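A short worksheet on the structure shown next.
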Amino acid sequence: FVSKILFSFRTITMISDMDSPMCCDEQYATHELPPSHYEDSGLAIDQLSAVLRTEQTYAVPQIPCIASMGPSSSLPYGEWRRKICQWCFKVVDHFQLDREVVSSGMNIFDRFLASRPRPVEAGSCACPACQKNIDSRLFQLAAMTSLYIAMKMYSDSRRDSPYRNLRLSAFVELSRGQFTANDISEMEQSILNELQWKVNPPTPMTVVPYLLQLMPTRPMSPSLRQRSDLVLHVLHELARYMSELSVCLGSSSFQYSPSQVAFASILVSMDLLTLYALPMSMRQEFIESAMKISRFSGGTMLSPDDNAIIALQERLRQSFWPEMLIDDQECVDPGHPIFMAREYGLLDMATLA
């Protein structure tokens, strides 16, 4: 299998900011449908509030890289980061792991680079990558080890768990001889010490179902309930998919909290559905609930009028739709939620024009 995903950033095709919405090989898998009715709305609110507070302790300092704003003989941080994201997705897809692992690993990686910046010399760049004077080898080792740590955090003891097949030797083999087991172990210890063992961050994919718990429900017949559940399933899958790929947006992606990415992804996904599928009243009620809960949570504030949310929505639109919805239908699994949404007329195809 190593021949398919050999770890060599020197040979990975460069990825531009916007021209490759599928910047990571698409291995689409549906996930659990968020419940359409919640017996304990208080619990749902408490869970979301806790996530909004917790994510702030995993925030990455926002220090722009001036090296990427002009000509440079070295590859700017954002370019390296996109290459790393591509490789990480190939690895988790090969091992058939949850792609959420990549988001967690990149958070670990970004925070490690941003920790303990060195004094800035006159005229030099203050961004974490430049100040740490990280060369390509160390950059790759830190990225690989961050993903390795994230995979460990998602492991479980089930006999059939795909995480049981993970071995340090597999990562050594993937490095194509660049790193030894000792190199990775030492880097792992450095990252854990630097981050004080805070290596289980919330991810946008974690927040999406928490937010969708706020979607209002209405009394309806069994047939209408079935259609409503399908709409929520499609909305969940769309939002999770965009949240998943948001890690590929480059070095600017960590400027946004997981809840901001999840909220923006849901807003963009709602725009893709017809008003018959998801009435405006339900959309507005959902937005108002998210704003209210975030306001009283003491954590990240969520509002569609926030400049960060507006900017993030635009980036998601430009990057990830419409290509993810208008692929050749002959190649789409009939059980895929997007295919089902087309069949049942839930998608607002005029939006994609």
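Residue numbering restarts at 1 for every chain of the structure tokens, chains are lettered A, B, ... in their displayed order, and ligands are numbered from 1 as they appear.
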
Asp183 (chain A): which residues within 12 Å, counting only C-alpha atoms, same-chain residues fewer than 2 positions away excluded, as a tab-separated table (two decimals) with C-alpha atoms, in the first residue's frame?
chain	number	residue	atom	x	y	z
A	137	ARG	CA	12.11	18.05	6.93
A	138	LEU	CA	11.13	19.25	10.39
A	140	GLN	CA	7.01	17.15	7.58
A	141	LEU	CA	8.06	15.34	10.75
A	142	ALA	CA	5.87	17.60	12.91
A	144	MET	CA	3.29	13.34	10.40
A	145	THR	CA	3.60	13.07	14.17
A	168	LEU	CA	4.59	3.30	14.38
A	169	SER	CA	6.42	1.16	11.84
A	171	PHE	CA	4.53	5.72	9.63
A	172	VAL	CA	8.24	5.02	9.40
A	175	SER	CA	8.24	8.48	5.48
A	177	GLY	CA	13.29	6.51	4.93
A	178	GLN	CA	13.32	10.16	5.97
A	179	PHE	CA	12.43	9.41	9.60
A	180	THR	CA	13.10	6.63	12.08
A	181	ALA	CA	10.81	5.39	14.84
A	185	SER	CA	8.76	9.25	19.15
A	186	GLU	CA	10.94	12.20	20.10
A	187	MET	CA	8.78	14.61	18.10
A	188	GLU	CA	5.67	13.14	19.71
A	189	GLN	CA	7.09	13.85	23.16
A	190	SER	CA	8.06	17.39	22.13

Residues of region 181-246 of chain A that approach region 342-352 of chain A to 12 Å or less, counting only C-alpha atoms: could you list each one with the shortest pair of atoms and its distance in Å to one decimal, rows by chain and increasing residue number, as JSON lines?
{"residue": "A:Gln226", "atom": "CA", "partner": "A:Tyr344", "partner_atom": "CA", "distance": 11.9}
{"residue": "A:Arg227", "atom": "CA", "partner": "A:Tyr344", "partner_atom": "CA", "distance": 8.9}
{"residue": "A:Ser228", "atom": "CA", "partner": "A:Leu346", "partner_atom": "CA", "distance": 10.5}
{"residue": "A:Leu230", "atom": "CA", "partner": "A:Leu346", "partner_atom": "CA", "distance": 9.2}
{"residue": "A:Val231", "atom": "CA", "partner": "A:Leu346", "partner_atom": "CA", "distance": 7.3}
{"residue": "A:Leu232", "atom": "CA", "partner": "A:Leu346", "partner_atom": "CA", "distance": 10.8}
{"residue": "A:His233", "atom": "CA", "partner": "A:Leu346", "partner_atom": "CA", "distance": 11.4}
{"residue": "A:Val234", "atom": "CA", "partner": "A:Leu346", "partner_atom": "CA", "distance": 8.9}
{"residue": "A:Leu235", "atom": "CA", "partner": "A:Leu346", "partner_atom": "CA", "distance": 10.1}
{"residue": "A:Leu238", "atom": "CA", "partner": "A:Leu347", "partner_atom": "CA", "distance": 11.2}

Would you mind exporting the chosen residues as a PDB file, in the first residue's frame, restricted to all heavy atoms?
ATOM      1  N   GLN A 226     -40.900  11.339   7.515  1.00  0.00           N
ATOM      2  CA  GLN A 226     -39.859  10.650   6.747  1.00  0.00           C
ATOM      3  C   GLN A 226     -39.143  11.622   5.822  1.00  0.00           C
ATOM      4  O   GLN A 226     -37.908  11.592   5.710  1.00  0.00           O
ATOM      5  CB  GLN A 226     -40.473   9.509   5.945  1.00  0.00           C
ATOM      6  CG  GLN A 226     -39.437   8.654   5.214  1.00  0.00           C
ATOM      7  CD  GLN A 226     -40.084   7.500   4.483  1.00  0.00           C
ATOM      8  OE1 GLN A 226     -41.303   7.449   4.313  1.00  0.00           O
ATOM      9  NE2 GLN A 226     -39.269   6.549   4.038  1.00  0.00           N
ATOM     10  N   ARG A 227     -39.896  12.498   5.178  1.00  0.00           N
ATOM     11  CA  ARG A 227     -39.282  13.480   4.297  1.00  0.00           C
ATOM     12  C   ARG A 227     -38.446  14.470   5.106  1.00  0.00           C
ATOM     13  O   ARG A 227     -37.355  14.850   4.690  1.00  0.00           O
ATOM     14  CB  ARG A 227     -40.368  14.218   3.511  1.00  0.00           C
ATOM     15  CG  ARG A 227     -39.806  15.237   2.521  1.00  0.00           C
ATOM     16  CD  ARG A 227     -40.904  15.963   1.784  1.00  0.00           C
ATOM     17  NE  ARG A 227     -40.376  16.954   0.863  1.00  0.00           N
ATOM     18  CZ  ARG A 227     -39.973  16.703  -0.367  1.00  0.00           C
ATOM     19  NH1 ARG A 227     -40.043  15.477  -0.837  1.00  0.00           N
ATOM     20  NH2 ARG A 227     -39.507  17.663  -1.136  1.00  0.00           N
ATOM     21  N   SER A 228     -38.955  14.882   6.254  1.00  0.00           N
ATOM     22  CA  SER A 228     -38.210  15.816   7.104  1.00  0.00           C
ATOM     23  C   SER A 228     -36.892  15.201   7.555  1.00  0.00           C
ATOM     24  O   SER A 228     -35.855  15.879   7.577  1.00  0.00           O
ATOM     25  CB  SER A 228     -39.056  16.201   8.319  1.00  0.00           C
ATOM     26  OG  SER A 228     -38.330  17.012   9.211  1.00  0.00           O
ATOM     27  N   LEU A 230     -35.186  12.981   5.952  1.00  0.00           N
ATOM     28  CA  LEU A 230     -34.308  12.965   4.790  1.00  0.00           C
ATOM     29  C   LEU A 230     -33.657  14.331   4.589  1.00  0.00           C
ATOM     30  O   LEU A 230     -32.452  14.420   4.316  1.00  0.00           O
ATOM     31  CB  LEU A 230     -35.096  12.574   3.546  1.00  0.00           C
ATOM     32  CG  LEU A 230     -34.331  12.658   2.207  1.00  0.00           C
ATOM     33  CD1 LEU A 230     -33.154  11.691   2.205  1.00  0.00           C
ATOM     34  CD2 LEU A 230     -35.265  12.379   1.030  1.00  0.00           C
ATOM     35  N   VAL A 231     -34.435  15.392   4.757  1.00  0.00           N
ATOM     36  CA  VAL A 231     -33.895  16.750   4.618  1.00  0.00           C
ATOM     37  C   VAL A 231     -32.791  16.991   5.646  1.00  0.00           C
ATOM     38  O   VAL A 231     -31.709  17.502   5.315  1.00  0.00           O
ATOM     39  CB  VAL A 231     -35.012  17.798   4.774  1.00  0.00           C
ATOM     40  CG1 VAL A 231     -34.419  19.207   4.836  1.00  0.00           C
ATOM     41  CG2 VAL A 231     -36.005  17.704   3.627  1.00  0.00           C
ATOM     42  N   LEU A 232     -33.048  16.610   6.894  1.00  0.00           N
ATOM     43  CA  LEU A 232     -32.043  16.804   7.935  1.00  0.00           C
ATOM     44  C   LEU A 232     -30.807  15.960   7.671  1.00  0.00           C
ATOM     45  O   LEU A 232     -29.675  16.388   7.942  1.00  0.00           O
ATOM     46  CB  LEU A 232     -32.625  16.451   9.301  1.00  0.00           C
ATOM     47  CG  LEU A 232     -33.581  17.473   9.915  1.00  0.00           C
ATOM     48  CD1 LEU A 232     -34.108  16.969  11.261  1.00  0.00           C
ATOM     49  CD2 LEU A 232     -32.872  18.819  10.117  1.00  0.00           C
ATOM     50  N   HIS A 233     -31.014  14.765   7.133  1.00  0.00           N
ATOM     51  CA  HIS A 233     -29.872  13.906   6.805  1.00  0.00           C
ATOM     52  C   HIS A 233     -29.003  14.552   5.732  1.00  0.00           C
ATOM     53  O   HIS A 233     -27.769  14.592   5.850  1.00  0.00           O
ATOM     54  CB  HIS A 233     -30.393  12.548   6.331  1.00  0.00           C
ATOM     55  CG  HIS A 233     -29.300  11.577   6.001  1.00  0.00           C
ATOM     56  ND1 HIS A 233     -28.289  11.252   6.878  1.00  0.00           N
ATOM     57  CD2 HIS A 233     -29.050  10.859   4.864  1.00  0.00           C
ATOM     58  CE1 HIS A 233     -27.470  10.386   6.319  1.00  0.00           C
ATOM     59  NE2 HIS A 233     -27.910  10.124   5.092  1.00  0.00           N
ATOM     60  N   VAL A 234     -29.632  15.053   4.673  1.00  0.00           N
ATOM     61  CA  VAL A 234     -28.893  15.718   3.599  1.00  0.00           C
ATOM     62  C   VAL A 234     -28.189  16.961   4.132  1.00  0.00           C
ATOM     63  O   VAL A 234     -27.016  17.207   3.808  1.00  0.00           O
ATOM     64  CB  VAL A 234     -29.848  16.094   2.447  1.00  0.00           C
ATOM     65  CG1 VAL A 234     -29.138  16.991   1.434  1.00  0.00           C
ATOM     66  CG2 VAL A 234     -30.360  14.844   1.757  1.00  0.00           C
ATOM     67  N   LEU A 235     -28.875  17.735   4.953  1.00  0.00           N
ATOM     68  CA  LEU A 235     -28.266  18.941   5.519  1.00  0.00           C
ATOM     69  C   LEU A 235     -27.058  18.589   6.375  1.00  0.00           C
ATOM     70  O   LEU A 235     -26.009  19.243   6.293  1.00  0.00           O
ATOM     71  CB  LEU A 235     -29.309  19.693   6.350  1.00  0.00           C
ATOM     72  CG  LEU A 235     -28.859  20.994   7.017  1.00  0.00           C
ATOM     73  CD1 LEU A 235     -28.383  22.000   5.977  1.00  0.00           C
ATOM     74  CD2 LEU A 235     -29.993  21.595   7.850  1.00  0.00           C
ATOM     75  N   LEU A 238     -24.143  17.423   3.992  1.00  0.00           N
ATOM     76  CA  LEU A 238     -23.565  18.563   3.274  1.00  0.00           C
ATOM     77  C   LEU A 238     -22.679  19.398   4.190  1.00  0.00           C
ATOM     78  O   LEU A 238     -21.545  19.754   3.845  1.00  0.00           O
ATOM     79  CB  LEU A 238     -24.673  19.439   2.685  1.00  0.00           C
ATOM     80  CG  LEU A 238     -25.349  18.973   1.402  1.00  0.00           C
ATOM     81  CD1 LEU A 238     -26.540  19.872   1.092  1.00  0.00           C
ATOM     82  CD2 LEU A 238     -24.379  18.979   0.239  1.00  0.00           C
TER      83      LEU A 238
END

Report summary line: The residue from A:Asn307, A:Trp80, A:Pro61, A:Lys152 with the smallest atom-to-atom distance to Arg111 (chain A), counting only C-alpha atoms, is A:Pro61

Requested in this report: From a DSSP calculation on the backbone, collect every residue of region 82-261 of chain A in helix (DSSP H, G or I) and output the set as an NGL selection string.
Outcome: :A and (82-94 or 100-114 or 128-131 or 136-153 or 162-165 or 168-174 or 181-194 or 204-212 or 222-249 or 251-255 or 258-261)

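With distances restricted to only C-alpha atoms, A:Val261 is the closest residue to Val208 (chain A) from A:Ile191, A:Val261, A:Ala170, A:Leu316.
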
Within 6 Å of Pro204 (chain A), counting only C-alpha atoms, which residues qualify if same-chain residues fewer than 5 places away don't, as a CSV table (one decimal) with N, CA and C atoms, in the first residue's frame?
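Writing done, so here's result_20.csv:
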chain,number,residue,atom,x,y,z
A,243,SER,N,-17.4,21.1,6.2
A,243,SER,CA,-16.6,21.3,7.4
A,243,SER,C,-15.3,20.4,7.3
A,258,PRO,N,-13.8,26.0,15.3
A,258,PRO,CA,-14.6,24.9,14.8
A,258,PRO,C,-16.1,25.2,14.7
A,259,SER,N,-16.6,25.9,15.7
A,259,SER,CA,-18.0,26.3,15.7
A,259,SER,C,-18.3,27.3,14.5
A,261,VAL,N,-16.7,27.4,11.6
A,261,VAL,CA,-16.7,26.6,10.4
A,261,VAL,C,-18.0,25.8,10.3
A,262,ALA,N,-18.4,25.2,11.4
A,262,ALA,CA,-19.6,24.3,11.4
A,262,ALA,C,-20.8,25.2,11.1

Query raised in the report: What's the 9 Å shell around Ala239 (chain A), counting only C-alpha atoms, without same-chain residues fewer than 2 positions away, as an MDAnalysis selection string?
Result: chainID A and resid 205 208 234:237 241:244 262:270
